[in-house]
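Dropping data_30.txt in here (compact mmCIF, C-alpha atoms):
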# COMPACT_ATOMS: atom_id res chain seq x y z
CA MET E 68 0.00 0.00 0.00
CA SER E 69 1.41 3.41 -0.93
CA ASN E 70 0.21 6.97 -0.39
CA ASN E 71 0.80 9.88 -2.76
CA LYS E 72 1.07 12.82 -0.32
CA GLU E 73 1.58 15.37 -3.09
CA PHE E 74 -1.63 14.18 -4.73
CA LEU E 75 -3.55 14.35 -1.46
CA SER E 76 -2.70 18.01 -0.96
CA GLU E 77 -4.00 18.99 -4.41
CA LYS E 78 -7.52 17.59 -4.07
CA SER E 79 -10.33 19.15 -2.09
CA SER E 80 -12.19 17.25 0.59
CA SER E 81 -15.37 17.18 -1.54
CA VAL E 82 -14.09 14.78 -4.19
CA LYS E 83 -15.42 11.24 -4.53
CA ASN E 84 -13.08 8.29 -4.28
CA VAL E 85 -13.13 5.82 -7.17
CA LEU E 86 -11.51 2.39 -6.95
CA ILE E 87 -10.03 1.06 -10.21
CA VAL E 88 -9.56 -2.71 -10.23
CA GLY E 89 -6.89 -3.69 -12.74
CA ALA E 90 -5.41 -0.20 -12.78
CA ALA E 91 -1.98 -1.35 -14.00
CA GLY E 92 -3.33 -2.53 -17.37
CA TYR E 93 -3.60 -0.58 -20.62
CA ILE E 94 -7.11 0.85 -20.10
CA GLY E 95 -6.67 0.99 -16.33
CA GLY E 96 -3.61 3.21 -16.64
CA ALA E 97 -5.45 5.61 -18.93
CA LEU E 98 -8.37 5.76 -16.48
CA CYS E 99 -6.05 6.57 -13.58
CA ARG E 100 -4.52 9.42 -15.58
CA LYS E 101 -7.83 10.86 -16.77
CA PHE E 102 -9.77 10.55 -13.49
CA SER E 103 -6.90 12.25 -11.66
CA GLN E 104 -7.33 15.29 -13.94
CA THR E 105 -10.92 15.83 -12.81
CA GLN E 106 -11.98 18.04 -9.91
CA ASP E 107 -14.58 15.63 -8.56
CA PHE E 108 -12.77 12.27 -8.39
CA ALA E 109 -9.69 10.86 -6.69
CA VAL E 110 -8.20 7.53 -7.77
CA LEU E 111 -7.39 4.53 -5.65
CA ALA E 112 -5.87 1.60 -7.54
CA LEU E 113 -6.37 -2.05 -6.60
CA VAL E 114 -3.83 -4.30 -8.29
CA ARG E 115 -2.31 -7.75 -8.00
CA PRO E 116 0.98 -8.06 -6.03
CA SER E 117 2.87 -8.80 -9.27
CA SER E 118 1.65 -5.65 -11.07
CA ASP E 119 4.05 -2.96 -12.25
CA VAL E 120 2.63 0.25 -10.80
CA GLU E 121 5.34 2.77 -11.72
CA GLY E 122 3.26 4.20 -14.57
CA ILE E 123 0.24 4.98 -12.40
CA LYS E 124 1.92 6.30 -9.25
CA PRO E 125 1.62 9.99 -10.23
CA PHE E 126 -2.15 9.69 -10.70
CA CYS E 127 -3.24 7.71 -7.64
CA LYS E 128 -4.21 8.86 -4.19
CA GLU E 129 -3.29 5.38 -3.05
CA ILE E 130 -2.23 2.05 -4.58
CA ILE E 131 -3.54 -1.05 -2.84
CA HIS E 132 -2.16 -4.52 -3.52
CA SER E 133 -4.39 -7.56 -3.12
CA GLN E 134 -3.64 -9.80 -0.15
CA GLU E 135 -3.34 -12.91 -2.32
CA VAL E 136 -2.18 -13.62 -5.88
CA GLU E 137 -5.64 -12.76 -7.23
CA ILE E 138 -7.93 -9.88 -6.26
CA SER E 139 -10.71 -10.98 -3.91
CA SER E 140 -14.06 -9.58 -2.79
CA ASN E 141 -12.50 -9.04 0.62
CA ASP E 142 -9.84 -6.81 -0.95
CA VAL E 143 -12.56 -4.74 -2.63
CA ALA E 144 -14.77 -4.57 0.47
CA GLN E 145 -11.87 -3.47 2.68
CA ALA E 146 -10.82 -0.78 0.20
CA ILE E 147 -14.39 0.55 0.03
CA SER E 148 -14.81 0.60 3.80
CA ASN E 149 -11.40 2.08 4.57
CA HIS E 150 -11.47 4.81 1.93
CA ASP E 151 -15.14 5.77 1.55
CA ILE E 152 -15.28 4.52 -2.05
CA THR E 153 -18.41 5.48 -4.00
CA THR E 154 -17.58 3.90 -7.37
CA VAL E 155 -15.71 0.72 -8.35
CA ILE E 156 -14.48 0.25 -11.93
CA ASN E 157 -13.34 -3.18 -13.10
CA VAL E 158 -10.98 -3.25 -16.08
CA ALA E 159 -9.01 -6.35 -15.05
CA TRP E 160 -8.36 -9.11 -17.56
CA HIS E 161 -6.32 -12.28 -17.32
CA MET E 162 -3.27 -12.07 -19.59
CA PRO E 163 -1.90 -13.77 -21.60
CA PRO E 164 -5.20 -15.26 -22.82
CA GLU E 165 -6.07 -18.89 -22.19
CA SER E 166 -6.55 -21.34 -25.06
CA THR E 167 -10.30 -21.86 -24.52
CA LYS E 168 -13.29 -19.68 -23.75
CA GLU E 169 -14.08 -21.68 -20.63
CA ALA E 170 -10.56 -21.36 -19.22
CA GLN E 171 -10.44 -17.62 -19.95
CA PHE E 172 -13.82 -17.06 -18.32
CA ALA E 173 -12.70 -18.96 -15.21
CA LYS E 174 -9.80 -16.51 -14.87
CA ASP E 175 -11.61 -13.30 -15.87
CA ARG E 176 -14.56 -13.83 -13.56
CA ILE E 177 -12.31 -13.69 -10.48
CA ALA E 178 -11.73 -9.92 -10.55
CA LEU E 179 -15.23 -9.22 -11.86
CA GLU E 180 -16.97 -11.13 -9.08
CA ALA E 181 -14.57 -9.60 -6.55
CA ALA E 182 -15.69 -6.12 -7.66
CA LEU E 183 -19.40 -7.00 -7.65
CA HIS E 184 -19.60 -8.99 -4.43
CA GLY E 185 -17.09 -6.81 -2.57
CA ALA E 186 -19.17 -3.73 -3.35
CA LYS E 187 -22.48 -5.31 -2.40
CA ALA E 188 -21.03 -6.63 0.87
CA VAL E 189 -20.51 -3.02 1.95
CA SER E 190 -23.54 -1.35 0.38
CA PRO E 191 -25.94 -2.02 -2.52
CA ASP E 192 -25.55 1.66 -3.40
CA ILE E 193 -21.89 1.33 -4.42
CA HIS E 194 -21.80 1.80 -8.19
CA VAL E 195 -19.79 -0.89 -10.01
CA ILE E 196 -18.82 -0.02 -13.59
CA THR E 197 -17.85 -3.13 -15.51
CA THR E 198 -16.13 -3.57 -18.86
CA SER E 199 -17.25 -5.73 -21.77
CA GLY E 200 -16.57 -5.18 -25.50
CA ASN E 201 -18.32 -4.20 -28.70
CA PHE E 202 -18.30 -7.78 -30.00
CA SER E 203 -20.51 -8.84 -27.09
CA LEU E 204 -23.32 -6.90 -28.75
CA ILE E 205 -25.46 -7.95 -31.70
CA THR E 206 -28.88 -6.97 -32.98
CA ALA E 207 -30.96 -8.18 -35.89
CA ASP E 208 -31.51 -4.64 -37.14
CA GLY E 209 -29.70 -4.93 -40.47
CA GLY E 210 -26.30 -5.22 -38.84
CA ARG E 211 -26.79 -2.07 -36.76
CA ILE E 212 -25.21 -2.67 -33.36
CA THR E 213 -26.15 -0.54 -30.36
CA GLU E 214 -25.68 -0.89 -26.61
CA THR E 215 -28.62 -3.35 -26.48
CA PRO E 216 -27.42 -6.72 -25.09
CA PRO E 217 -28.00 -9.81 -27.25
CA PRO E 218 -31.12 -11.87 -26.55
CA LYS E 219 -30.77 -15.29 -24.95
CA GLY E 220 -30.16 -18.06 -27.45
CA TYR E 221 -29.03 -15.69 -30.22
CA THR E 222 -26.97 -17.08 -33.09
CA GLN E 223 -23.47 -15.66 -33.36
CA PRO E 224 -22.90 -14.07 -36.79
CA GLU E 225 -20.28 -15.62 -39.04
CA TYR E 226 -17.93 -12.64 -38.87
CA LEU E 227 -17.52 -13.17 -35.12
CA VAL E 228 -16.41 -16.79 -35.31
CA CYS E 229 -12.73 -15.85 -35.30
CA PHE E 230 -13.32 -13.88 -32.09
CA ASP E 231 -15.32 -16.53 -30.27
CA LEU E 232 -12.93 -16.60 -27.32
CA LEU E 233 -13.00 -12.84 -26.74
CA SER E 234 -16.66 -12.18 -27.51
CA GLY E 235 -17.83 -15.41 -25.89
CA VAL E 236 -16.03 -14.66 -22.63
CA ASN E 237 -17.46 -11.15 -22.53
CA VAL E 238 -20.98 -12.48 -23.06
CA LEU E 239 -20.52 -14.89 -20.16
CA LYS E 240 -19.25 -12.08 -17.93
CA ASP E 241 -22.12 -9.85 -19.02
CA MET E 242 -24.55 -12.54 -17.86
CA LEU E 243 -23.02 -12.40 -14.37
CA ILE E 244 -23.45 -8.62 -14.34
CA GLU E 245 -27.07 -8.77 -15.52
CA GLU E 246 -27.82 -11.30 -12.77
CA TYR E 247 -26.16 -9.00 -10.23
CA ILE E 248 -28.32 -6.08 -11.39
CA SER E 249 -31.51 -8.16 -11.33
CA ASN E 250 -30.72 -9.13 -7.74
CA GLY E 251 -30.58 -5.50 -6.64
CA GLY E 252 -26.93 -4.65 -7.33
CA ASN E 253 -25.96 -1.23 -8.67
CA ALA E 254 -23.89 -1.90 -11.80
CA SER E 255 -23.37 -0.59 -15.33
CA ILE E 256 -21.64 -2.03 -18.40
CA VAL E 257 -19.32 -0.12 -20.72
CA TYR E 258 -18.73 -1.68 -24.14
CA PRO E 259 -15.48 -0.26 -25.56
CA SER E 260 -14.84 -0.74 -29.25
CA SER E 261 -11.27 -1.32 -30.52
CA VAL E 262 -9.06 0.88 -28.34
CA TYR E 263 -5.93 2.69 -29.48
CA GLY E 264 -3.78 5.54 -28.18
CA SER E 265 -1.15 6.11 -25.52
CA ALA E 266 -1.54 4.97 -21.92
CA PRO E 267 0.98 5.46 -19.09
CA THR E 268 1.27 1.73 -18.47
CA ARG E 269 1.65 -0.32 -21.66
CA GLY E 270 0.70 -0.65 -25.30
CA SER E 271 -2.62 -1.93 -26.60
CA PHE E 272 -3.57 -5.19 -28.30
CA TRP E 273 -3.95 -3.30 -31.58
CA ASP E 274 -0.34 -2.10 -31.52
CA PHE E 275 0.59 -5.70 -32.24
CA ALA E 276 -2.44 -6.83 -34.22
CA ILE E 277 -2.39 -4.09 -36.86
CA GLN E 278 1.25 -4.83 -37.64
CA GLN E 279 0.49 -8.54 -37.96
CA PHE E 280 -2.41 -7.82 -40.30
CA ILE E 281 -0.06 -5.81 -42.51
CA THR E 282 2.69 -8.46 -42.59
CA GLY E 283 0.37 -11.46 -42.79
CA LYS E 284 3.06 -13.48 -41.03
CA PRO E 285 3.49 -15.16 -37.64
CA HIS E 286 5.36 -13.09 -35.07
CA GLN E 287 6.82 -14.31 -31.78
CA GLY E 288 4.73 -17.46 -31.93
CA TYR E 289 1.46 -15.69 -32.76
CA GLN E 290 -0.29 -16.65 -35.97
CA PRO E 291 -1.29 -13.99 -38.54
CA PHE E 292 -4.29 -11.88 -37.64
CA PRO E 293 -7.73 -13.33 -38.55
CA PRO E 294 -9.61 -12.33 -41.72
CA ASP E 295 -10.74 -8.75 -42.25
CA PHE E 296 -13.85 -7.54 -40.44
CA MET E 297 -15.71 -4.36 -39.50
CA THR E 298 -15.26 -2.88 -36.06
CA ALA E 299 -15.36 0.55 -34.43
CA TRP E 300 -12.46 2.46 -32.92
CA ILE E 301 -12.05 4.68 -29.89
CA HIS E 302 -9.05 6.57 -28.56
CA VAL E 303 -8.20 5.59 -25.01
CA GLU E 304 -8.62 9.22 -23.88
CA ASP E 305 -12.17 9.34 -25.28
CA LEU E 306 -12.87 6.01 -23.61
CA ALA E 307 -11.68 7.38 -20.28
CA ASP E 308 -14.06 10.31 -20.71
CA CYS E 309 -16.86 7.77 -21.17
CA TYR E 310 -16.05 6.03 -17.87
CA ILE E 311 -15.95 9.38 -16.09
CA ALA E 312 -19.36 10.29 -17.51
CA VAL E 313 -20.79 6.91 -16.43
CA ALA E 314 -19.41 7.44 -12.92
CA ARG E 315 -21.02 10.86 -12.73
CA PHE E 316 -24.34 9.67 -14.18
CA ASN E 317 -24.52 6.73 -11.75
CA SER E 318 -27.53 5.01 -13.31
CA LYS E 319 -28.25 1.48 -12.16
CA GLY E 320 -28.34 -1.01 -15.02
CA GLY E 321 -26.85 1.35 -17.61
CA HIS E 322 -25.42 0.01 -20.88
CA TYR E 323 -23.02 2.24 -22.81
CA LEU E 324 -21.35 1.65 -26.17
CA ALA E 325 -18.18 3.66 -26.92
CA ALA E 326 -17.72 3.36 -30.68
CA PRO E 327 -16.95 6.67 -32.45
CA GLU E 328 -15.59 5.49 -35.83
CA ASN E 329 -16.66 2.57 -38.00
CA LEU E 330 -13.59 1.31 -39.89
CA SER E 331 -12.60 -2.16 -41.04
CA VAL E 332 -9.27 -3.62 -39.98
CA SER E 333 -8.00 -3.22 -43.55
CA GLN E 334 -8.93 0.47 -43.58
CA VAL E 335 -7.05 1.14 -40.34
CA SER E 336 -4.12 -0.99 -41.50
CA THR E 337 -3.90 1.06 -44.69
CA LEU E 338 -3.70 4.28 -42.69
CA PHE E 339 -1.11 2.71 -40.39
CA ALA E 340 1.04 1.49 -43.31
CA GLN E 341 0.95 4.93 -44.90
CA ALA E 342 2.09 6.56 -41.65
CA ALA E 343 4.85 3.96 -41.27
CA GLN E 344 5.81 4.36 -44.95
CA VAL E 345 5.68 0.64 -45.69
CA GLU E 346 4.14 -1.09 -48.67
CA PHE E 347 0.77 -2.71 -48.06
CA VAL E 348 -1.92 -3.85 -50.46
CA ALA E 349 -5.12 -3.92 -48.46
CA PRO E 350 -7.81 -6.51 -49.19
CA VAL E 351 -11.15 -5.21 -50.35
CA PHE E 352 -13.60 -5.42 -47.46
CA GLU E 353 -17.24 -5.65 -48.54
CA ASN E 354 -18.94 -5.63 -45.11
CA LYS E 355 -21.42 -8.28 -46.26
CA ASP E 356 -23.07 -8.31 -42.84
CA LYS E 357 -23.62 -4.53 -43.08
CA VAL E 358 -22.19 -4.05 -39.61
CA ILE E 359 -22.48 -0.54 -38.22
CA PHE E 360 -21.83 0.38 -34.60
CA ASP E 361 -24.14 3.16 -33.41
CA ASP E 362 -23.34 4.79 -30.06
CA SER E 363 -25.71 7.74 -30.46
CA TYR E 364 -27.72 6.74 -27.38
CA THR E 365 -24.60 6.69 -25.20
CA ARG E 366 -23.42 10.06 -26.51
CA GLU E 367 -26.84 11.61 -25.89
CA VAL E 368 -27.42 10.20 -22.42
CA LEU E 369 -23.89 10.91 -21.18
CA GLN E 370 -23.55 14.17 -23.15
CA LEU E 371 -20.31 13.01 -24.73
CA GLN E 372 -18.44 14.42 -27.70
CA TRP E 373 -15.64 12.26 -29.08
CA LYS E 374 -12.45 14.27 -29.64
CA TYR E 375 -10.13 11.94 -31.53
CA LYS E 376 -10.01 10.66 -35.13
CA VAL E 377 -8.01 7.59 -36.15
CA ALA E 378 -6.48 9.24 -39.22
CA ASP E 379 -5.21 12.18 -37.15
CA GLN E 380 -3.48 9.90 -34.65
CA MET E 381 -1.62 7.56 -37.01
CA LYS E 382 1.81 9.21 -37.07
CA GLY E 383 1.82 9.44 -33.30
CA TRP E 384 0.63 5.84 -33.03
CA VAL E 385 3.54 4.55 -35.13
CA GLU E 386 6.10 6.63 -33.23
CA ARG E 387 4.76 5.47 -29.87
CA ILE E 388 5.08 1.81 -30.86
CA LYS E 389 8.67 2.45 -31.90
CA GLU E 390 9.36 4.06 -28.51
CA LEU E 391 7.85 1.02 -26.77
CA GLY E 392 10.16 -1.25 -28.75
CA THR E 393 7.26 -3.28 -30.15
CA TYR E 394 7.52 -2.11 -33.77
CA PHE E 395 8.33 -4.91 -36.20
CA LEU E 396 7.40 -3.62 -39.68
CA GLU E 397 10.27 -3.45 -42.15
Represent the structure contained in this file as structure tokens.
Amino acid sequence: MSNNKEFLSEKSSSVKNVLIVGAAGYIGGALCRKFSQTQDFAVLALVRPSSDVEGIKPFCKEIIHSQEVEISSNDVAQAISNHDITTVINVAWHMPPESTKEAQFAKDRIALEAALHGAKAVSPDIHVITTSGNFSLITADGGRITETPPPKGYTQPEYLVCFDLLSGVNVLKDMLIEEYISNGGNASIVYPSSVYGSAPTRGSFWDFAIQQFITGKPHQGYQPFPPDFMTAWIHVEDLADCYIAVARFNSKGGHYLAAPENLSVSQVSTLFAQAAQVEFVAPVFENKDKVIFDDSYTREVLQLQWKYKVADQMKGWVERIKELGTYFLE
């Protein structure tokens, strides 16, 4: 446990304490940075003992390490009780990913259930903001995807087959959250689309994946990226603004999709290759499923305006990957 005395002196006594579970990860680090810049929130980070916390130290009122290898509901409940926490945000994932959906879910549910049950053990009023993903969502409305959760027994579209592990695990976690809400718990779900941009902790999944899509070759034991598909993209700073808005709104059972720009993987890869000045012939993506992500409801309810555009961030994206030492395009 560590205190940031300089941080404590800069915040007024009227701020609300938010607990970020998984704060040392890519999204977690960005949330720590962004929440610390607000006037109404102070950040407490709950991380595993093995986590590297150097990147988040400047942004946290306090960093709390779990008592065991994994984060438990007791860790969450103690943090809430000891620090007057009003909001818990779970962005913890098990990495590297397991080989099956079932194995990954068994790992991922640990931190999620710790956040949910730890909060409810203290008070049903504690707001738990959970994290899913845009591929957990599907509607039958001509490929238009909103924040509406999929109905029970829905058939997964063909374009999602290659992402069965990721989307399938998120759907299973979402079911736990919906059950928690139906039993009186105060929780919301944020569905980030494909996240890019700089965080103080580490690089994103897409730093690696876009390069693999361009090369079409295995890299460090990972097979080439799956076939082209349509997704949406959000800068990690815009995503952090979404979490802040959800924390302020504090609506039980809220569902929020953060998906500013609809671009296929080939479209983003083309922009990336141009910024990196490497040759790349992009496949023609037809979007046969007519997939469009529509986050207009989220923007209206939370009064959000997205600030970042993928095309404007490409040069910086390439340079950041080079600085991280994870650039492998030639």
All residues 9 Å or closer to Pro217 of chain E, only C-alpha atoms, same chain fewer than 6 positions away omitted, as a PyMOL selection string:
chain E and resi 203-206+238
Residues of segment 193-241 of chain E at most 7 Å from segment 313-329 of chain E: nearest atom pair and distance in Å, all atoms listed in the file, as JSON lines:
{"residue": "E:His194", "atom": "CA", "partner": "E:Asn317", "partner_atom": "CA", "distance": 6.7}
{"residue": "E:Thr213", "atom": "CA", "partner": "E:Leu324", "partner_atom": "CA", "distance": 6.7}
{"residue": "E:Glu214", "atom": "CA", "partner": "E:Leu324", "partner_atom": "CA", "distance": 5.0}
When you count only C-alpha atoms, which of these residues is closest to Phe108 of chain E: E:Gln145, E:Thr154, E:Gln134, E:Gln334?
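Nearest candidate to Phe108 of chain E out of E:Gln145, E:Thr154, E:Gln134, E:Gln334: E:Thr154.
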Minimum-distance residue to Pro216 of chain E, chosen among E:Asp231, E:Asp356, E:Asp361, E:Glu245 (using all atoms listed in the file)
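Once distances to Pro216 of chain E are computed over all atoms listed in the file, the minimum belongs to E:Glu245.
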To one decimal in Å, tell me the separation between atom CA of Ile123 of chain E and atom CA of His150 of chain E.
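We find that atom CA of Ile123 of chain E and atom CA of His150 of chain E lie 18.5 Å from each other.
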I'd like the neighbourhood of Ala340 of chain E as an MDAnalysis selection string, where a residue qualifies if any of its atoms comes within 9 Å (using all atoms listed in the file), though same-chain residues fewer than 4 positions away should be ignored.
chainID E and resid 278 281 335:336 344:347 396
Option closest in space to Glu304 of chain E, from E:Tyr247, E:Phe126, E:Phe102, E:Phe292 [counting only C-alpha atoms]:
E:Phe102
Report, in Å with one decimal, the straight-line distance from atom CA of Lys374 of chain E to atom CA of Ala159 of chain E.
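Atom CA of Ala159 of chain E lies 25.5 Å from atom CA of Lys374 of chain E.
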Put segment 122-149 of chain E into a file with N, CA and C atoms, as a PDB file, in the first residue's frame.
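For reference, result.pdb as written:
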ATOM      1  N   GLY E 122       3.932   3.302 -13.643  1.00  0.00           N
ATOM      2  CA  GLY E 122       3.262   4.198 -14.571  1.00  0.00           C
ATOM      3  C   GLY E 122       2.059   4.920 -14.000  1.00  0.00           C
ATOM      4  N   ILE E 123       1.452   4.367 -12.942  1.00  0.00           N
ATOM      5  CA  ILE E 123       0.236   4.977 -12.403  1.00  0.00           C
ATOM      6  C   ILE E 123       0.462   5.725 -11.092  1.00  0.00           C
ATOM      7  N   LYS E 124       1.649   5.651 -10.533  1.00  0.00           N
ATOM      8  CA  LYS E 124       1.919   6.301  -9.248  1.00  0.00           C
ATOM      9  C   LYS E 124       1.577   7.791  -9.236  1.00  0.00           C
ATOM     10  N   PRO E 125       1.904   8.548 -10.292  1.00  0.00           N
ATOM     11  CA  PRO E 125       1.625   9.990 -10.232  1.00  0.00           C
ATOM     12  C   PRO E 125       0.140  10.345 -10.192  1.00  0.00           C
ATOM     13  N   PHE E 126      -0.727   9.382 -10.540  1.00  0.00           N
ATOM     14  CA  PHE E 126      -2.148   9.688 -10.696  1.00  0.00           C
ATOM     15  C   PHE E 126      -3.019   9.166  -9.556  1.00  0.00           C
ATOM     16  N   CYS E 127      -2.435   8.420  -8.644  1.00  0.00           N
ATOM     17  CA  CYS E 127      -3.237   7.712  -7.642  1.00  0.00           C
ATOM     18  C   CYS E 127      -3.079   8.304  -6.249  1.00  0.00           C
ATOM     19  N   LYS E 128      -4.201   8.483  -5.601  1.00  0.00           N
ATOM     20  CA  LYS E 128      -4.208   8.864  -4.194  1.00  0.00           C
ATOM     21  C   LYS E 128      -3.587   7.761  -3.352  1.00  0.00           C
ATOM     22  N   GLU E 129      -3.869   6.528  -3.747  1.00  0.00           N
ATOM     23  CA  GLU E 129      -3.291   5.375  -3.048  1.00  0.00           C
ATOM     24  C   GLU E 129      -3.305   4.169  -3.965  1.00  0.00           C
ATOM     25  N   ILE E 130      -2.298   3.312  -3.831  1.00  0.00           N
ATOM     26  CA  ILE E 130      -2.233   2.054  -4.578  1.00  0.00           C
ATOM     27  C   ILE E 130      -2.304   0.920  -3.576  1.00  0.00           C
ATOM     28  N   ILE E 131      -3.290   0.057  -3.756  1.00  0.00           N
ATOM     29  CA  ILE E 131      -3.538  -1.049  -2.837  1.00  0.00           C
ATOM     30  C   ILE E 131      -3.253  -2.362  -3.564  1.00  0.00           C
ATOM     31  N   HIS E 132      -2.441  -3.207  -2.945  1.00  0.00           N
ATOM     32  CA  HIS E 132      -2.159  -4.521  -3.517  1.00  0.00           C
ATOM     33  C   HIS E 132      -3.059  -5.570  -2.857  1.00  0.00           C
ATOM     34  N   SER E 133      -3.540  -6.498  -3.659  1.00  0.00           N
ATOM     35  CA  SER E 133      -4.394  -7.556  -3.116  1.00  0.00           C
ATOM     36  C   SER E 133      -3.598  -8.412  -2.136  1.00  0.00           C
ATOM     37  N   GLN E 134      -4.301  -9.021  -1.190  1.00  0.00           N
ATOM     38  CA  GLN E 134      -3.644  -9.803  -0.150  1.00  0.00           C
ATOM     39  C   GLN E 134      -3.115 -11.129  -0.682  1.00  0.00           C
ATOM     40  N   GLU E 135      -3.769 -11.646  -1.722  1.00  0.00           N
ATOM     41  CA  GLU E 135      -3.340 -12.908  -2.323  1.00  0.00           C
ATOM     42  C   GLU E 135      -2.915 -12.664  -3.774  1.00  0.00           C
ATOM     43  N   VAL E 136      -2.613 -13.728  -4.487  1.00  0.00           N
ATOM     44  CA  VAL E 136      -2.182 -13.621  -5.881  1.00  0.00           C
ATOM     45  C   VAL E 136      -3.262 -12.965  -6.731  1.00  0.00           C
ATOM     46  N   GLU E 137      -4.518 -13.333  -6.490  1.00  0.00           N
ATOM     47  CA  GLU E 137      -5.645 -12.762  -7.230  1.00  0.00           C
ATOM     48  C   GLU E 137      -6.425 -11.788  -6.340  1.00  0.00           C
ATOM     49  N   ILE E 138      -7.093 -10.853  -6.971  1.00  0.00           N
ATOM     50  CA  ILE E 138      -7.929  -9.884  -6.258  1.00  0.00           C
ATOM     51  C   ILE E 138      -9.195 -10.573  -5.755  1.00  0.00           C
ATOM     52  N   SER E 139      -9.555 -10.324  -4.514  1.00  0.00           N
ATOM     53  CA  SER E 139     -10.714 -10.983  -3.907  1.00  0.00           C
ATOM     54  C   SER E 139     -11.777  -9.957  -3.530  1.00  0.00           C
ATOM     55  N   SER E 140     -12.973 -10.463  -3.239  1.00  0.00           N
ATOM     56  CA  SER E 140     -14.059  -9.582  -2.792  1.00  0.00           C
ATOM     57  C   SER E 140     -13.710  -8.934  -1.467  1.00  0.00           C
ATOM     58  N   ASN E 141     -12.929  -9.627  -0.647  1.00  0.00           N
ATOM     59  CA  ASN E 141     -12.501  -9.045   0.623  1.00  0.00           C
ATOM     60  C   ASN E 141     -11.582  -7.842   0.399  1.00  0.00           C
ATOM     61  N   ASP E 142     -10.701  -7.942  -0.612  1.00  0.00           N
ATOM     62  CA  ASP E 142      -9.839  -6.806  -0.954  1.00  0.00           C
ATOM     63  C   ASP E 142     -10.681  -5.587  -1.335  1.00  0.00           C
ATOM     64  N   VAL E 143     -11.695  -5.828  -2.156  1.00  0.00           N
ATOM     65  CA  VAL E 143     -12.558  -4.742  -2.626  1.00  0.00           C
ATOM     66  C   VAL E 143     -13.362  -4.171  -1.464  1.00  0.00           C
ATOM     67  N   ALA E 144     -13.949  -5.036  -0.651  1.00  0.00           N
ATOM     68  CA  ALA E 144     -14.766  -4.573   0.471  1.00  0.00           C
ATOM     69  C   ALA E 144     -13.933  -3.757   1.464  1.00  0.00           C
ATOM     70  N   GLN E 145     -12.728  -4.204   1.757  1.00  0.00           N
ATOM     71  CA  GLN E 145     -11.867  -3.466   2.678  1.00  0.00           C
ATOM     72  C   GLN E 145     -11.493  -2.095   2.117  1.00  0.00           C
ATOM     73  N   ALA E 146     -11.177  -2.056   0.824  1.00  0.00           N
ATOM     74  CA  ALA E 146     -10.824  -0.779   0.203  1.00  0.00           C
ATOM     75  C   ALA E 146     -11.996   0.197   0.263  1.00  0.00           C
ATOM     76  N   ILE E 147     -13.197  -0.296  -0.018  1.00  0.00           N
ATOM     77  CA  ILE E 147     -14.393   0.554   0.028  1.00  0.00           C
ATOM     78  C   ILE E 147     -14.624   1.093   1.428  1.00  0.00           C
ATOM     79  N   SER E 148     -14.543   0.208   2.418  1.00  0.00           N
ATOM     80  CA  SER E 148     -14.811   0.599   3.803  1.00  0.00           C
ATOM     81  C   SER E 148     -13.753   1.542   4.351  1.00  0.00           C
ATOM     82  N   ASN E 149     -12.497   1.288   4.013  1.00  0.00           N
ATOM     83  CA  ASN E 149     -11.397   2.076   4.575  1.00  0.00           C
ATOM     84  C   ASN E 149     -11.233   3.440   3.907  1.00  0.00           C
TER      85      ASN E 149
END
